[in-house]
Amino acid sequence: MKIKEELARRAAEVEAYLADCLRGRDIPDRLLASMEYSLHAGGKRLRPALVLSFVRLHAGQGSGLGKKTLPFAAALECIHTYSLIHDDLPAMDDDDLRRGKPSNHKQFDEATAILAGDGLLTEAFTLMFSCMDEGGLTAERVLRAAQAVSVAAGSGGMVGGQALDMEYTGRAGVSFEELRGMHAMKTGALITASCVAGAILSGAAIPEVRRAREYGRAVGQAFQIADDILDVVSDTATLGKPAGSDERQGKTTYPALLGLDESRRLAQDRADDAVRHLQPYTGAEADFLRELARYIVERVH
């Protein structure tokens with residue numbers, strides 16, 4: 001499987017839905033422009049791809065649930081995009097560039113950027129709950145999946161992780177356990193919830209949902225370690241955001257704490273762990289998830 005091409009194909013499926021999913025909601029023109037500016041700025045669409053892959057892994061391609069859960073998958077991208085808009089604000093990471101374009105608050109203004117993030121977060125739940133109208137998706141499944149996403153996106157997950165990131169920035173002596181815990185919340189929680197939500201929406205049994213959770217946790221950590229490494233070894237044009245910004249801002253990262261070689265080893269270990277959690281599964285979706293875990297760390301070798 002050519003994983004980059006397959007990931008791009010799956011991203012295109014999500015892009016097609018995102019193209020007009022915010023239209024027809026009476027959103028003021030400038031606010032809508034700001035929301036769509038960031039939502040349509042590109043990216044790997046990793047989180048919605050994970051939702052859809054775990055749906056298809058358990059329900060099968062022939063079930064049609066992949067198409068029916070597309071709004072739910074798109075909601076994960078809305079939440080992720082909102083977090084990026086807010087992370088870039090002057091009061092947070094103060095970044096002027098995101099995905100190769102001016103950050104939202106630079107293209108519009110700070111107030112509009114804040115409201116665009118608020119709007120995307122709220123619209124995400126509208127998208128998730130719209131799946132209850134689709135055949136084969138019970139309200140119980142959608143509500144359980146939405147609860148998992150809500151917890152992951154909230155103060156005990158992504159928001160709490162961002163708060164810890166700000167607390168740790170510039171602070172000497174941040175430990176490995178503190179760093180790992182912070183990233184498990186800031187980055188890992190929403191990635192894990194994407195896997196869990198897909199499994200729940202498919203009607204998977206509890207042991208399968210647990211495997212999805214463990215895969216997500218391992219992939220989430222591998223992804224963050226790789227991101228930290230790329231900030232050191234890559235360039236602004238490739239990253240689409242300022243390279244070396246972690247060091248300039250005084251952030252504690254895996255390379256700063258462990259060095260590049262040990263960080264690469266740890267990322268590989270977490271990717272291998274993710275693959276191990278897929279041992280019971282065969283077929284195209286299982287192969288995609290295995291290759292995805294490997295691809296995340298291959299980028300930094």
# chains A, B, ... in the order shown; residues from 1 in each chain; ligands from 1
>>> select_by_dssp(residues="region 2-242 of chain A", states="strand (DSSP E or B)", output="PyMOL selection string")
chain A and resi 97-98+101-102
>>> residues_around(residues="Val275 (chain A)", least_positions_apart="6", cutoff="8 Å", atoms="only C-alpha atoms", output="MDAnalysis selection string")
chainID A and resid 215 289:290 293
>>> residues_around(residues="region 143-147 of chain A", least_positions_apart="2", cutoff="8 Å", atoms="only C-alpha atoms", output="JSON, numbers by chain")
{"A": [125, 128, 129, 139, 140, 141, 149, 150, 151, 196, 197, 198, 200, 201]}
>>> closest_residue(among="A:Ile79, A:Ile85, A:Val142, A:Leu230", to="Met158 (chain A)", atoms="only C-alpha atoms")
A:Ile79
>>> closest_residue(among="A:Met35, A:Val232, A:Leu120, A:Val297", to="Ala218 (chain A)", atoms="only C-alpha atoms")
A:Val297
>>> residues_around(residues="region 254-269 of chain A", least_positions_apart="4", cutoff="9 Å", atoms="only C-alpha atoms", output="ChimeraX atom specification")
/A:174-176,179-180,218-219,221-226,228-229,232,247,273-274,294,296-298,300-301
>>> write_last_selection(atoms="N, CA, C and O atoms", output="CSV table (one decimal), in the first residue's frame")
chain,number,residue,atom,x,y,z
A,174,VAL,N,11.0,20.4,33.5
A,174,VAL,CA,9.8,19.7,33.2
A,174,VAL,C,10.3,18.2,33.0
A,174,VAL,O,11.2,17.9,32.2
A,175,SER,N,9.6,17.3,33.6
A,175,SER,CA,10.0,15.9,33.6
A,175,SER,C,9.5,15.2,32.4
A,175,SER,O,8.5,15.6,31.7
A,176,PHE,N,10.0,14.0,32.1
A,176,PHE,CA,9.5,13.2,31.0
A,176,PHE,C,8.0,12.8,31.2
A,176,PHE,O,7.2,12.8,30.3
A,179,LEU,N,5.9,15.8,30.5
A,179,LEU,CA,5.8,16.0,29.1
A,179,LEU,C,4.9,15.0,28.4
A,179,LEU,O,4.0,15.4,27.6
A,180,ARG,N,5.0,13.7,28.8
A,180,ARG,CA,4.2,12.7,28.2
A,180,ARG,C,2.7,12.9,28.6
A,180,ARG,O,1.8,12.7,27.7
A,218,ALA,N,-1.2,5.0,21.3
A,218,ALA,CA,0.2,4.7,20.8
A,218,ALA,C,0.5,5.6,19.6
A,218,ALA,O,1.5,6.2,19.5
A,219,VAL,N,-0.5,5.7,18.7
A,219,VAL,CA,-0.3,6.5,17.5
A,219,VAL,C,-0.2,8.0,17.9
A,219,VAL,O,0.6,8.8,17.3
A,221,GLN,N,0.9,9.3,20.6
A,221,GLN,CA,2.3,9.7,21.2
A,221,GLN,C,3.3,9.7,20.1
A,221,GLN,O,4.2,10.5,20.0
A,222,ALA,N,3.3,8.7,19.2
A,222,ALA,CA,4.2,8.6,18.1
A,222,ALA,C,4.1,9.9,17.2
A,222,ALA,O,5.1,10.5,16.8
A,223,PHE,N,2.9,10.3,17.0
A,223,PHE,CA,2.6,11.5,16.2
A,223,PHE,C,3.3,12.7,16.8
A,223,PHE,O,3.9,13.6,16.1
A,224,GLN,N,3.1,12.9,18.1
A,224,GLN,CA,3.6,14.1,18.8
A,224,GLN,C,5.1,14.1,18.8
A,224,GLN,O,5.8,15.1,18.6
A,225,ILE,N,5.7,12.9,19.1
A,225,ILE,CA,7.2,12.8,19.1
A,225,ILE,C,7.7,13.2,17.7
A,225,ILE,O,8.7,14.0,17.6
A,226,ALA,N,7.1,12.6,16.7
A,226,ALA,CA,7.5,13.0,15.3
A,226,ALA,C,7.4,14.4,15.0
A,226,ALA,O,8.3,15.1,14.4
A,228,ASP,N,7.6,16.9,17.2
A,228,ASP,CA,8.7,17.6,17.9
A,228,ASP,C,10.0,17.4,17.2
A,228,ASP,O,10.8,18.4,17.1
A,229,ILE,N,10.2,16.3,16.6
A,229,ILE,CA,11.5,16.0,15.9
A,229,ILE,C,11.5,16.9,14.6
A,229,ILE,O,12.5,17.5,14.3
A,232,VAL,N,12.6,20.4,14.7
A,232,VAL,CA,14.0,20.6,14.8
A,232,VAL,C,14.7,20.4,13.5
A,232,VAL,O,15.6,21.1,13.1
A,247,GLU,N,11.8,25.7,20.3
A,247,GLU,CA,13.0,26.1,21.0
A,247,GLU,C,12.9,27.6,21.3
A,247,GLU,O,13.2,28.1,22.4
A,273,ASP,N,4.0,-0.5,18.9
A,273,ASP,CA,3.0,-0.8,19.9
A,273,ASP,C,1.6,-0.7,19.2
A,273,ASP,O,0.7,-1.6,19.4
A,274,ALA,N,1.4,0.4,18.5
A,274,ALA,CA,0.1,0.6,17.8
A,274,ALA,C,-0.2,-0.6,16.8
A,274,ALA,O,-1.3,-1.1,16.8
A,294,ARG,N,3.2,3.3,10.9
A,294,ARG,CA,4.6,3.2,10.4
A,294,ARG,C,5.0,4.5,9.7
A,294,ARG,O,6.1,5.1,9.9
A,296,ILE,N,3.9,7.5,10.2
A,296,ILE,CA,4.1,8.7,11.1
A,296,ILE,C,5.5,8.8,11.5
A,296,ILE,O,6.0,9.9,11.7
A,297,VAL,N,6.2,7.7,11.8
A,297,VAL,CA,7.6,7.8,12.3
A,297,VAL,C,8.6,7.7,11.1
A,297,VAL,O,9.7,8.2,11.3
A,298,GLU,N,8.2,7.2,10.0
A,298,GLU,CA,9.1,7.1,8.9
A,298,GLU,C,9.5,8.6,8.4
A,298,GLU,O,10.6,8.8,7.9
A,300,VAL,N,10.5,10.9,10.1
A,300,VAL,CA,11.6,11.6,10.8
A,300,VAL,C,12.9,10.7,10.8
A,300,VAL,O,13.8,11.0,11.5
A,301,HIS,N,13.0,9.7,9.9
A,301,HIS,CA,14.1,8.9,9.8
A,301,HIS,C,14.9,9.2,8.5
A,301,HIS,O,14.3,9.7,7.6
>>> closest_residue(among="A:Leu46, A:His277, A:Glu123, A:Thr282", to="Thr187 (chain A)", atoms="only C-alpha atoms")
A:Leu46
>>> residues_around(residues="Lys4 (chain A)", least_positions_apart="3", cutoff="9 Å", atoms="only C-alpha atoms", output="count of residues only")
6
>>> closest_residue(among="A:Ser202, A:Glu5, A:Thr112, A:Asp87", to="Asp29 (chain A)", atoms="only C-alpha atoms")
A:Thr112
>>> select_by_dssp(residues="region 96-264 of chain A", states="alpha helix (DSSP H)", output="ChimeraX atom specification")
/A:104-107,110-130,139-153,158-168,176-183,189-202,206-233,236-239,245-248,254-258,260-264
>>> atom_distance(atom1="CA of His80 (chain A)", atom2="CA of Lys186 (chain A)")
10.6 Å
>>> residues_around(residues="Ala12 (chain A)", least_positions_apart="5", cutoff="10 Å", atoms="only C-alpha atoms", output="ChimeraX atom specification")
/A:6-7,17-18,42,44-45
>>> write_last_selection(atoms="all heavy atoms", output="PDB file, in the first residue's frame")
ATOM      1  N   GLU A   6      -2.726   6.858  -0.335  1.00  0.00           N
ATOM      2  CA  GLU A   6      -3.984   6.402   0.255  1.00  0.00           C
ATOM      3  C   GLU A   6      -4.506   7.401   1.277  1.00  0.00           C
ATOM      4  O   GLU A   6      -5.721   7.674   1.333  1.00  0.00           O
ATOM      5  CB  GLU A   6      -3.788   5.035   0.907  1.00  0.00           C
ATOM      6  CG  GLU A   6      -5.051   4.446   1.527  1.00  0.00           C
ATOM      7  CD  GLU A   6      -6.180   4.213   0.553  1.00  0.00           C
ATOM      8  OE1 GLU A   6      -5.934   4.154  -0.678  1.00  0.00           O
ATOM      9  OE2 GLU A   6      -7.344   4.094   1.016  1.00  0.00           O
ATOM     10  N   LEU A   7      -3.612   7.967   2.073  1.00  0.00           N
ATOM     11  CA  LEU A   7      -4.033   8.980   3.037  1.00  0.00           C
ATOM     12  C   LEU A   7      -4.574  10.205   2.314  1.00  0.00           C
ATOM     13  O   LEU A   7      -5.581  10.800   2.737  1.00  0.00           O
ATOM     14  CB  LEU A   7      -2.861   9.364   3.943  1.00  0.00           C
ATOM     15  CG  LEU A   7      -3.163  10.299   5.115  1.00  0.00           C
ATOM     16  CD1 LEU A   7      -4.252   9.722   6.015  1.00  0.00           C
ATOM     17  CD2 LEU A   7      -1.904  10.562   5.925  1.00  0.00           C
ATOM     18  N   TYR A  17     -16.628  16.695   1.656  1.00  0.00           N
ATOM     19  CA  TYR A  17     -17.719  16.970   2.588  1.00  0.00           C
ATOM     20  C   TYR A  17     -17.538  18.323   3.272  1.00  0.00           C
ATOM     21  O   TYR A  17     -18.498  19.082   3.451  1.00  0.00           O
ATOM     22  CB  TYR A  17     -17.819  15.874   3.643  1.00  0.00           C
ATOM     23  CG  TYR A  17     -18.967  16.099   4.596  1.00  0.00           C
ATOM     24  CD1 TYR A  17     -20.263  15.724   4.245  1.00  0.00           C
ATOM     25  CD2 TYR A  17     -18.772  16.735   5.816  1.00  0.00           C
ATOM     26  CE1 TYR A  17     -21.336  15.973   5.087  1.00  0.00           C
ATOM     27  CE2 TYR A  17     -19.830  16.984   6.668  1.00  0.00           C
ATOM     28  CZ  TYR A  17     -21.122  16.602   6.300  1.00  0.00           C
ATOM     29  OH  TYR A  17     -22.177  16.867   7.138  1.00  0.00           O
ATOM     30  N   LEU A  18     -16.294  18.644   3.650  1.00  0.00           N
ATOM     31  CA  LEU A  18     -16.018  19.900   4.333  1.00  0.00           C
ATOM     32  C   LEU A  18     -16.311  21.120   3.462  1.00  0.00           C
ATOM     33  O   LEU A  18     -16.532  22.216   3.976  1.00  0.00           O
ATOM     34  CB  LEU A  18     -14.557  19.951   4.782  1.00  0.00           C
ATOM     35  CG  LEU A  18     -14.124  19.006   5.903  1.00  0.00           C
ATOM     36  CD1 LEU A  18     -12.615  19.089   6.100  1.00  0.00           C
ATOM     37  CD2 LEU A  18     -14.841  19.331   7.209  1.00  0.00           C
ATOM     38  N   GLY A  42      -6.122  22.907   4.274  1.00  0.00           N
ATOM     39  CA  GLY A  42      -5.376  21.683   3.991  1.00  0.00           C
ATOM     40  C   GLY A  42      -5.063  20.914   5.253  1.00  0.00           C
ATOM     41  O   GLY A  42      -5.702  21.093   6.294  1.00  0.00           O
ATOM     42  N   LYS A  44      -3.475  16.893   6.830  1.00  0.00           N
ATOM     43  CA  LYS A  44      -3.525  15.448   6.570  1.00  0.00           C
ATOM     44  C   LYS A  44      -4.907  14.852   6.783  1.00  0.00           C
ATOM     45  O   LYS A  44      -5.183  13.747   6.349  1.00  0.00           O
ATOM     46  CB  LYS A  44      -2.507  14.737   7.483  1.00  0.00           C
ATOM     47  CG  LYS A  44      -1.062  15.082   7.164  1.00  0.00           C
ATOM     48  CD  LYS A  44      -0.099  14.467   8.155  1.00  0.00           C
ATOM     49  CE  LYS A  44      -0.090  15.158   9.505  1.00  0.00           C
ATOM     50  NZ  LYS A  44       0.377  16.545   9.454  1.00  0.00           N
ATOM     51  N   ARG A  45      -5.785  15.556   7.512  1.00  0.00           N
ATOM     52  CA  ARG A  45      -7.119  15.050   7.859  1.00  0.00           C
ATOM     53  C   ARG A  45      -7.002  13.712   8.581  1.00  0.00           C
ATOM     54  O   ARG A  45      -7.794  12.781   8.355  1.00  0.00           O
ATOM     55  CB  ARG A  45      -8.012  14.926   6.620  1.00  0.00           C
ATOM     56  CG  ARG A  45      -8.067  16.170   5.738  1.00  0.00           C
ATOM     57  CD  ARG A  45      -8.444  17.433   6.479  1.00  0.00           C
ATOM     58  NE  ARG A  45      -8.735  18.553   5.588  1.00  0.00           N
ATOM     59  CZ  ARG A  45      -8.872  19.805   5.971  1.00  0.00           C
ATOM     60  NH1 ARG A  45      -8.714  20.120   7.257  1.00  0.00           N
ATOM     61  NH2 ARG A  45      -9.147  20.755   5.116  1.00  0.00           N
TER      62      ARG A  45
END
>>> closest_residue(among="A:Gln107, A:Thr138, A:Thr69, A:Ser130", to="Leu50 (chain A)", atoms="only C-alpha atoms")
A:Thr69
>>> residues_around(residues="Ala59 (chain A)", least_positions_apart="3", cutoff="12 Å", atoms="only C-alpha atoms", output="ChimeraX atom specification")
/A:52-56,62-69,136-137,198-205,208,285
>>> write_last_selection(atoms="C-alpha atoms", output="tab-separated table (two decimals), in the first residue's frame")
chain	number	residue	atom	x	y	z
A	52	LEU	CA	-13.78	6.35	9.08
A	53	SER	CA	-11.13	3.63	9.12
A	54	PHE	CA	-12.28	2.22	12.45
A	55	VAL	CA	-15.90	2.35	11.28
A	56	ARG	CA	-14.98	0.32	8.20
A	62	GLY	CA	-20.34	-3.05	2.35
A	63	SER	CA	-22.25	-1.70	5.35
A	64	GLY	CA	-22.38	1.86	4.00
A	65	LEU	CA	-21.60	3.20	7.47
A	66	GLY	CA	-18.47	4.95	6.21
A	67	LYS	CA	-20.56	7.38	4.18
A	68	LYS	CA	-23.18	7.75	6.90
A	69	THR	CA	-20.55	8.65	9.51
A	136	GLY	CA	-28.11	2.03	10.82
A	137	LEU	CA	-26.80	4.56	13.32
A	198	GLY	CA	-15.19	5.07	14.91
A	199	ALA	CA	-15.29	1.77	16.77
A	200	ILE	CA	-18.37	2.81	18.77
A	201	LEU	CA	-20.22	4.08	15.69
A	202	SER	CA	-19.61	0.73	13.95
A	203	GLY	CA	-21.22	-1.16	16.83
A	204	ALA	CA	-17.96	-2.82	17.84
A	205	ALA	CA	-17.90	-4.84	21.05
A	208	GLU	CA	-12.65	-3.96	20.11
A	285	GLU	CA	-8.53	-1.23	6.73
>>> atom_distance(atom1="CA of Lys251 (chain A)", atom2="CA of Arg47 (chain A)")
24.6 Å
>>> atom_distance(atom1="CA of Ala193 (chain A)", atom2="CA of Ala152 (chain A)")
6.2 Å
